[in-house]
Amino acid sequence: MAKEIKTIGVLTSGGDAPGMNAAIRAVVRKGLARGVKVMGIHRGYHGLLNEEIVEMNSRSVSEIIQKGGTILGTARCNEFKELEGQQRGAEICRKYGIDGMIVIGGDGSYRGAQKLSHQGINTIGIPGTIDLDIASTEYTIGFDTAINTAMDAIDKIRDTSSSHERCSIIEVMGRHAGYIALWCGVANGAEDILIPEKYDYNEQEIINNIIANRKKGKKHHLIINAEGIGHSISMARRIEAATGIETRATILGHMQRGGRPTCKDRYYASMMGAYATDILIEGKTNRVIGVQKGEIVDIDIDQALAMSKSVSEYQFEVSRILGR
């Protein structure tokens, strides 16, 4: 028989993502409604090891659903990658009476949750990352806000670049995954989209495309470049030297992580937070929450971490056709 859950903990880990606060709010209020105590852990696994733990109530999460970032804070923690750190984390959970933990973050956060589960603490993961790069789910908290933030910024840059008849390289986040670049590239009407999964580093092809488009009468050329490819400023210099066309690079950076979460991010985060709380109280462990075919589901964390994800060939091909 599963151990009765009386107290649950919640933490956010890794990169922050808009909508994390909505998930925290749902965990706290759903947990209280189910009759359990909820402890908030500040600054992720680092805060857990430093016992930065406070009891939360309904008022603790008032007026946070509309805020970006995470009220619990987040930090990297190399110490938790080691067995000794994981064992100490579990001991601290027991010290504070925490029977189960909900971890909101990406793949790295999931690995920490997996290790904590192996130490006897029931653990559930919620996908919170702007990169949409978790294979076990069709949706991750923060992605919708990030692409809308980037899209709006790109529209503004395009307006002024078009006026000056420039080539624009706009670098968006995505170190290992090109979903932000792909979605914004299509939504912003980019001529070229460079993503880690597909780019062959043939810069001459881009240069030829710029020259061909200028001959067709196009007065502006937009390139969306993923962070994982990077080097946007030096790329801009090379393109300008090769084409004679004024070329400017803009790196959007961490503005994509901030801002008020969209309705979609708030809604999915709330539902995932509530669902994670329910299954944790019911005795499940070593699970992650996801969205599959529009429904909230949970799967084994080991299975989730073993899965891989790639950009759709069809969607990428369509993006190339639409940009010509």
# chains A, B, ... in the order shown; residues from 1 in each chain; ligands from 1
>>> residues_around(residues="region 137-151 of chain A", least_positions_apart="3", cutoff="6 Å", atoms="only C-alpha atoms", output="ChimeraX atom specification")
/A:17-19,127-130,132,154,180,184,256,261-262,265,290-292
>>> residues_around(residues="Lys218 (chain A)", least_positions_apart="2", cutoff="12 Å", atoms="only C-alpha atoms", output="PyMOL selection string")
chain A and resi 162+165-167+191+209-216+220-222+323-324
>>> write_last_selection(atoms="N, CA and C atoms", output="mmCIF file, in the first residue's frame")
data_model
loop_
_atom_site.group_PDB
_atom_site.id
_atom_site.type_symbol
_atom_site.label_atom_id
_atom_site.label_comp_id
_atom_site.auth_asym_id
_atom_site.auth_seq_id
_atom_site.Cartn_x
_atom_site.Cartn_y
_atom_site.Cartn_z
ATOM 1 N N SER A 162 13.259 47.046 -42.976
ATOM 2 C CA SER A 162 12.642 47.181 -44.295
ATOM 3 C C SER A 162 12.766 48.619 -44.797
ATOM 4 N N GLU A 165 16.145 48.970 -46.094
ATOM 5 C CA GLU A 165 16.477 47.964 -47.103
ATOM 6 C C GLU A 165 17.688 47.121 -46.674
ATOM 7 N N ARG A 166 17.637 46.670 -45.437
ATOM 8 C CA ARG A 166 18.715 45.882 -44.870
ATOM 9 C C ARG A 166 18.428 44.386 -44.932
ATOM 10 N N CYS A 167 19.463 43.638 -44.651
ATOM 11 C CA CYS A 167 19.316 42.225 -44.294
ATOM 12 C C CYS A 167 19.391 42.164 -42.778
ATOM 13 N N GLU A 191 12.912 34.751 -44.620
ATOM 14 C CA GLU A 191 13.419 34.125 -45.841
ATOM 15 C C GLU A 191 14.302 32.923 -45.539
ATOM 16 N N ASN A 209 20.921 33.232 -51.833
ATOM 17 C CA ASN A 209 19.485 33.478 -51.673
ATOM 18 C C ASN A 209 19.206 34.972 -51.503
ATOM 19 N N ILE A 210 20.043 35.653 -50.726
ATOM 20 C CA ILE A 210 19.873 37.095 -50.522
ATOM 21 C C ILE A 210 20.026 37.843 -51.843
ATOM 22 N N ILE A 211 21.070 37.495 -52.586
ATOM 23 C CA ILE A 211 21.324 38.163 -53.876
ATOM 24 C C ILE A 211 20.188 37.896 -54.862
ATOM 25 N N ALA A 212 19.719 36.634 -54.922
ATOM 26 C CA ALA A 212 18.628 36.284 -55.837
ATOM 27 C C ALA A 212 17.349 37.029 -55.484
ATOM 28 N N ASN A 213 17.063 37.131 -54.204
ATOM 29 C CA ASN A 213 15.851 37.839 -53.779
ATOM 30 C C ASN A 213 15.938 39.334 -54.071
ATOM 31 N N ARG A 214 17.135 39.911 -53.914
ATOM 32 C CA ARG A 214 17.291 41.332 -54.220
ATOM 33 C C ARG A 214 17.060 41.579 -55.721
ATOM 34 N N LYS A 215 17.521 40.668 -56.554
ATOM 35 C CA LYS A 215 17.305 40.793 -58.005
ATOM 36 C C LYS A 215 15.820 40.677 -58.367
ATOM 37 N N LYS A 216 15.072 39.899 -57.521
ATOM 38 C CA LYS A 216 13.627 39.765 -57.749
ATOM 39 C C LYS A 216 12.853 41.004 -57.313
ATOM 40 N N HIS A 220 14.224 43.609 -48.536
ATOM 41 C CA HIS A 220 14.600 43.252 -47.172
ATOM 42 C C HIS A 220 14.718 41.746 -47.079
ATOM 43 N N HIS A 221 15.662 41.271 -46.272
ATOM 44 C CA HIS A 221 15.851 39.823 -46.104
ATOM 45 C C HIS A 221 15.952 39.526 -44.616
ATOM 46 N N LEU A 222 15.105 38.625 -44.148
ATOM 47 C CA LEU A 222 15.039 38.290 -42.724
ATOM 48 C C LEU A 222 15.552 36.874 -42.487
ATOM 49 N N GLY A 323 9.199 30.967 -47.386
ATOM 50 C CA GLY A 323 10.160 32.063 -47.305
ATOM 51 C C GLY A 323 10.738 32.479 -48.647
ATOM 52 N N ARG A 324 10.381 31.795 -49.683
ATOM 53 C CA ARG A 324 10.943 32.115 -51.004
ATOM 54 C C ARG A 324 10.071 33.089 -51.791
#
>>> residues_around(residues="region 63-66 of chain A", least_positions_apart="5", cutoff="8 Å", atoms="only C-alpha atoms", output="PDB file with N, CA and C atoms, in the first residue's frame")
ATOM      1  N   GLY A  19       4.768  31.173 -16.872  1.00  0.00           N
ATOM      2  CA  GLY A  19       3.753  30.163 -16.566  1.00  0.00           C
ATOM      3  C   GLY A  19       4.127  29.306 -15.381  1.00  0.00           C
ATOM      4  N   ASN A  21       4.746  30.280 -12.432  1.00  0.00           N
ATOM      5  CA  ASN A  21       3.992  30.747 -11.267  1.00  0.00           C
ATOM      6  C   ASN A  21       2.568  30.191 -11.250  1.00  0.00           C
ATOM      7  N   ALA A  22       1.988  30.053 -12.434  1.00  0.00           N
ATOM      8  CA  ALA A  22       0.645  29.469 -12.513  1.00  0.00           C
ATOM      9  C   ALA A  22       0.670  28.018 -12.039  1.00  0.00           C
ATOM     10  N   ARG A  25       1.063  27.985  -8.223  1.00  0.00           N
ATOM     11  CA  ARG A  25      -0.236  28.360  -7.642  1.00  0.00           C
ATOM     12  C   ARG A  25      -1.190  27.165  -7.630  1.00  0.00           C
ATOM     13  N   ILE A  71       8.284  32.789  -8.589  1.00  0.00           N
ATOM     14  CA  ILE A  71       8.390  33.380  -7.251  1.00  0.00           C
ATOM     15  C   ILE A  71       9.288  32.556  -6.343  1.00  0.00           C
ATOM     16  N   ARG A 260       4.563  38.721 -19.176  1.00  0.00           N
ATOM     17  CA  ARG A 260       3.319  38.123 -18.686  1.00  0.00           C
ATOM     18  C   ARG A 260       2.984  36.876 -19.496  1.00  0.00           C
ATOM     19  N   PRO A 261       2.726  35.764 -18.829  1.00  0.00           N
ATOM     20  CA  PRO A 261       2.396  34.527 -19.558  1.00  0.00           C
ATOM     21  C   PRO A 261       1.112  34.682 -20.367  1.00  0.00           C
ATOM     22  N   ARG A 266      -0.770  29.975 -19.007  1.00  0.00           N
ATOM     23  CA  ARG A 266      -1.410  29.979 -17.680  1.00  0.00           C
ATOM     24  C   ARG A 266      -2.354  28.787 -17.531  1.00  0.00           C
TER      25      ARG A 266
END
>>> residues_around(residues="Gly258 (chain A)", least_positions_apart="3", cutoff="7 Å", atoms="only C-alpha atoms", output="PyMOL selection string")
chain A and resi 18+68-69+255
>>> write_last_selection(atoms="C-alpha atoms", output="PDB file, in the first residue's frame")
ATOM      1  CA  PRO A  18       6.569  32.185 -18.128  1.00  0.00           C
ATOM      2  CA  GLY A  68       6.606  35.943 -15.454  1.00  0.00           C
ATOM      3  CA  GLY A  69       9.569  34.167 -13.919  1.00  0.00           C
ATOM      4  CA  MET A 255      13.792  38.945 -22.942  1.00  0.00           C
TER       5      MET A 255
END
>>> atom_distance(atom1="CA of Asn225 (chain A)", atom2="CA of Tyr199 (chain A)")
9.8 Å
>>> select_by_dssp(residues="region 41-242 of chain A", states="alpha helix (DSSP H)", output="PyMOL selection string")
chain A and resi 44-49+83-95+107-118+143-163+179-187+203-215+232-242
>>> closest_residue(among="A:Thr277, A:Thr7, A:Ser310, A:Ser117", to="Asp99 (chain A)", atoms="only C-alpha atoms")
A:Thr7
>>> select_by_dssp(residues="region 138-266 of chain A", states="strand (DSSP E or B)", output="ChimeraX atom specification")
/A:141,167-172,192-194,221-226,247-251
>>> residues_around(residues="Ala177 (chain A)", least_positions_apart="4", cutoff="10 Å", atoms="only C-alpha atoms", output="PyMOL selection string")
chain A and resi 131-134+173+181-182+195-197+226-228+309-311
>>> write_last_selection(atoms="N, CA and C atoms", output="PDB file, in the first residue's frame")
ATOM      1  N   ASP A 131      11.827  26.080 -24.562  1.00  0.00           N
ATOM      2  CA  ASP A 131      12.408  25.490 -25.776  1.00  0.00           C
ATOM      3  C   ASP A 131      11.549  24.427 -26.444  1.00  0.00           C
ATOM      4  N   LEU A 132      10.503  23.946 -25.776  1.00  0.00           N
ATOM      5  CA  LEU A 132       9.630  22.888 -26.319  1.00  0.00           C
ATOM      6  C   LEU A 132      10.421  21.621 -26.664  1.00  0.00           C
ATOM      7  N   ASP A 133      11.472  21.348 -25.915  1.00  0.00           N
ATOM      8  CA  ASP A 133      12.391  20.276 -26.298  1.00  0.00           C
ATOM      9  C   ASP A 133      12.279  19.021 -25.451  1.00  0.00           C
ATOM     10  N   ILE A 134      11.180  18.848 -24.721  1.00  0.00           N
ATOM     11  CA  ILE A 134      10.969  17.627 -23.945  1.00  0.00           C
ATOM     12  C   ILE A 134      10.145  16.662 -24.786  1.00  0.00           C
ATOM     13  N   MET A 173      16.360  32.273 -28.812  1.00  0.00           N
ATOM     14  CA  MET A 173      16.868  31.223 -27.926  1.00  0.00           C
ATOM     15  C   MET A 173      16.590  29.840 -28.500  1.00  0.00           C
ATOM     16  N   ALA A 181      12.897  29.246 -33.180  1.00  0.00           N
ATOM     17  CA  ALA A 181      13.312  29.801 -34.470  1.00  0.00           C
ATOM     18  C   ALA A 181      12.358  29.377 -35.594  1.00  0.00           C
ATOM     19  N   LEU A 182      11.963  28.116 -35.599  1.00  0.00           N
ATOM     20  CA  LEU A 182      11.078  27.625 -36.652  1.00  0.00           C
ATOM     21  C   LEU A 182       9.718  28.313 -36.593  1.00  0.00           C
ATOM     22  N   ILE A 195      18.386  26.425 -37.842  1.00  0.00           N
ATOM     23  CA  ILE A 195      18.146  25.709 -36.585  1.00  0.00           C
ATOM     24  C   ILE A 195      19.172  24.581 -36.441  1.00  0.00           C
ATOM     25  N   PRO A 196      19.528  24.230 -35.207  1.00  0.00           N
ATOM     26  CA  PRO A 196      20.569  23.203 -34.992  1.00  0.00           C
ATOM     27  C   PRO A 196      20.264  21.877 -35.660  1.00  0.00           C
ATOM     28  N   GLU A 197      18.991  21.506 -35.727  1.00  0.00           N
ATOM     29  CA  GLU A 197      18.609  20.200 -36.269  1.00  0.00           C
ATOM     30  C   GLU A 197      18.801  20.093 -37.788  1.00  0.00           C
ATOM     31  N   ALA A 226      18.901  30.402 -34.693  1.00  0.00           N
ATOM     32  CA  ALA A 226      18.786  29.831 -33.347  1.00  0.00           C
ATOM     33  C   ALA A 226      20.090  30.004 -32.578  1.00  0.00           C
ATOM     34  N   GLU A 227      19.952  30.161 -31.282  1.00  0.00           N
ATOM     35  CA  GLU A 227      21.088  30.343 -30.379  1.00  0.00           C
ATOM     36  C   GLU A 227      22.130  29.238 -30.525  1.00  0.00           C
ATOM     37  N   GLY A 228      21.670  28.028 -30.800  1.00  0.00           N
ATOM     38  CA  GLY A 228      22.593  26.900 -30.924  1.00  0.00           C
ATOM     39  C   GLY A 228      23.549  27.031 -32.086  1.00  0.00           C
ATOM     40  N   LYS A 309      13.382  13.736 -29.640  1.00  0.00           N
ATOM     41  CA  LYS A 309      12.434  14.593 -30.344  1.00  0.00           C
ATOM     42  C   LYS A 309      13.160  15.307 -31.479  1.00  0.00           C
ATOM     43  N   SER A 310      12.509  15.440 -32.607  1.00  0.00           N
ATOM     44  CA  SER A 310      13.124  16.134 -33.735  1.00  0.00           C
ATOM     45  C   SER A 310      12.092  17.019 -34.425  1.00  0.00           C
ATOM     46  N   VAL A 311      12.593  18.018 -35.114  1.00  0.00           N
ATOM     47  CA  VAL A 311      11.725  18.933 -35.855  1.00  0.00           C
ATOM     48  C   VAL A 311      11.101  18.190 -37.026  1.00  0.00           C
TER      49      VAL A 311
END
>>> residues_around(residues="region 11-13 of chain A", least_positions_apart="3", cutoff="8 Å", atoms="only C-alpha atoms", output="count of residues only")
21
>>> closest_residue(among="A:Ala26, A:Leu194, A:Ile169, A:Val288", to="Arg238 (chain A)", atoms="only C-alpha atoms")
A:Ile169
>>> atom_distance(atom1="CA of Ala249 (chain A)", atom2="CA of Glu171 (chain A)")
7.5 Å
>>> residues_around(residues="Ile5 (chain A)", least_positions_apart="4", cutoff="9 Å", atoms="only C-alpha atoms", output="list in words")
Val36, Ile98, Asp99, Gly100, Leu280, Ile281, Glu282 and Gly283 of chain A
>>> write_last_selection(atoms="C-alpha atoms", output="PDB file, in the first residue's frame")
ATOM      1  CA  VAL A  36      -2.051  18.256   2.570  1.00  0.00           C
ATOM      2  CA  ILE A  98       8.071  16.205   2.820  1.00  0.00           C
ATOM      3  CA  ASP A  99       6.643  12.933   1.509  1.00  0.00           C
ATOM      4  CA  GLY A 100       6.535  13.927  -2.144  1.00  0.00           C
ATOM      5  CA  LEU A 280       1.363  12.549  -6.172  1.00  0.00           C
ATOM      6  CA  ILE A 281      -1.209  12.417  -3.369  1.00  0.00           C
ATOM      7  CA  GLU A 282      -2.545   9.190  -4.874  1.00  0.00           C
ATOM      8  CA  GLY A 283       0.894   7.619  -4.377  1.00  0.00           C
TER       9      GLY A 283
END
>>> decode(residues="region 7-37 of chain A", atoms="N, CA and C atoms", output="short mmCIF file (atom, residue, chain, number, x, y, z; two decimals), in the first residue's frame")
data_model
loop_
_atom_site.label_atom_id
_atom_site.label_comp_id
_atom_site.auth_asym_id
_atom_site.auth_seq_id
_atom_site.Cartn_x
_atom_site.Cartn_y
_atom_site.Cartn_z
N THR A 7 2.52 15.83 3.31
CA THR A 7 3.19 17.10 2.98
C THR A 7 3.90 16.95 1.64
N ILE A 8 3.69 17.91 0.76
CA ILE A 8 4.37 17.90 -0.53
C ILE A 8 5.24 19.15 -0.65
N GLY A 9 6.32 19.02 -1.42
CA GLY A 9 7.18 20.15 -1.71
C GLY A 9 7.06 20.52 -3.18
N VAL A 10 7.38 21.77 -3.51
CA VAL A 10 7.37 22.20 -4.90
C VAL A 10 8.58 23.10 -5.13
N LEU A 11 9.27 22.87 -6.25
CA LEU A 11 10.40 23.72 -6.60
C LEU A 11 10.46 23.92 -8.10
N THR A 12 11.10 25.00 -8.51
CA THR A 12 11.35 25.27 -9.92
C THR A 12 12.85 25.21 -10.14
N SER A 13 13.26 24.63 -11.27
CA SER A 13 14.67 24.37 -11.49
C SER A 13 15.04 24.67 -12.94
N GLY A 14 16.33 24.96 -13.16
CA GLY A 14 16.79 25.24 -14.51
C GLY A 14 16.37 26.64 -14.96
N GLY A 15 16.26 26.82 -16.27
CA GLY A 15 15.85 28.11 -16.80
C GLY A 15 14.41 28.43 -16.44
N ASP A 16 14.14 29.70 -16.10
CA ASP A 16 12.77 30.07 -15.79
C ASP A 16 11.94 30.14 -17.06
N ALA A 17 10.63 30.01 -16.91
CA ALA A 17 9.72 30.03 -18.05
C ALA A 17 8.41 30.68 -17.63
N PRO A 18 7.86 31.57 -18.46
CA PRO A 18 6.57 32.19 -18.13
C PRO A 18 5.49 31.11 -17.95
N GLY A 19 4.77 31.17 -16.87
CA GLY A 19 3.75 30.16 -16.57
C GLY A 19 4.13 29.31 -15.38
N MET A 20 5.40 29.35 -14.98
CA MET A 20 5.81 28.57 -13.80
C MET A 20 5.02 28.99 -12.56
N ASN A 21 4.75 30.28 -12.43
CA ASN A 21 3.99 30.75 -11.27
C ASN A 21 2.57 30.19 -11.25
N ALA A 22 1.99 30.05 -12.43
CA ALA A 22 0.64 29.47 -12.51
C ALA A 22 0.67 28.02 -12.04
N ALA A 23 1.74 27.30 -12.38
CA ALA A 23 1.88 25.90 -11.95
C ALA A 23 2.07 25.83 -10.43
N ILE A 24 2.91 26.70 -9.88
CA ILE A 24 3.12 26.74 -8.43
C ILE A 24 1.79 27.01 -7.73
N ARG A 25 1.06 27.98 -8.22
CA ARG A 25 -0.24 28.36 -7.64
C ARG A 25 -1.19 27.17 -7.63
N ALA A 26 -1.22 26.42 -8.74
CA ALA A 26 -2.12 25.26 -8.83
C ALA A 26 -1.71 24.17 -7.86
N VAL A 27 -0.39 23.93 -7.73
CA VAL A 27 0.08 22.91 -6.80
C VAL A 27 -0.32 23.26 -5.37
N VAL A 28 -0.11 24.50 -5.00
CA VAL A 28 -0.41 24.93 -3.63
C VAL A 28 -1.91 24.82 -3.35
N ARG A 29 -2.72 25.38 -4.19
CA ARG A 29 -4.15 25.42 -3.91
C ARG A 29 -4.81 24.06 -4.07
N LYS A 30 -4.35 23.26 -5.01
CA LYS A 30 -4.90 21.91 -5.17
C LYS A 30 -4.48 21.04 -3.98
N GLY A 31 -3.23 21.20 -3.55
CA GLY A 31 -2.76 20.44 -2.40
C GLY A 31 -3.54 20.78 -1.14
N LEU A 32 -3.74 22.07 -0.89
CA LEU A 32 -4.50 22.49 0.28
C LEU A 32 -5.94 21.97 0.22
N ALA A 33 -6.50 21.99 -1.00
CA ALA A 33 -7.88 21.48 -1.16
C ALA A 33 -7.97 19.98 -0.88
N ARG A 34 -6.85 19.27 -1.09
CA ARG A 34 -6.80 17.83 -0.83
C ARG A 34 -6.37 17.53 0.61
N GLY A 35 -6.15 18.57 1.41
CA GLY A 35 -5.85 18.36 2.82
C GLY A 35 -4.40 18.08 3.16
N VAL A 36 -3.46 18.47 2.27
CA VAL A 36 -2.05 18.26 2.57
C VAL A 36 -1.34 19.59 2.76
N LYS A 37 -0.24 19.58 3.46
CA LYS A 37 0.60 20.76 3.60
C LYS A 37 1.46 20.90 2.35
#
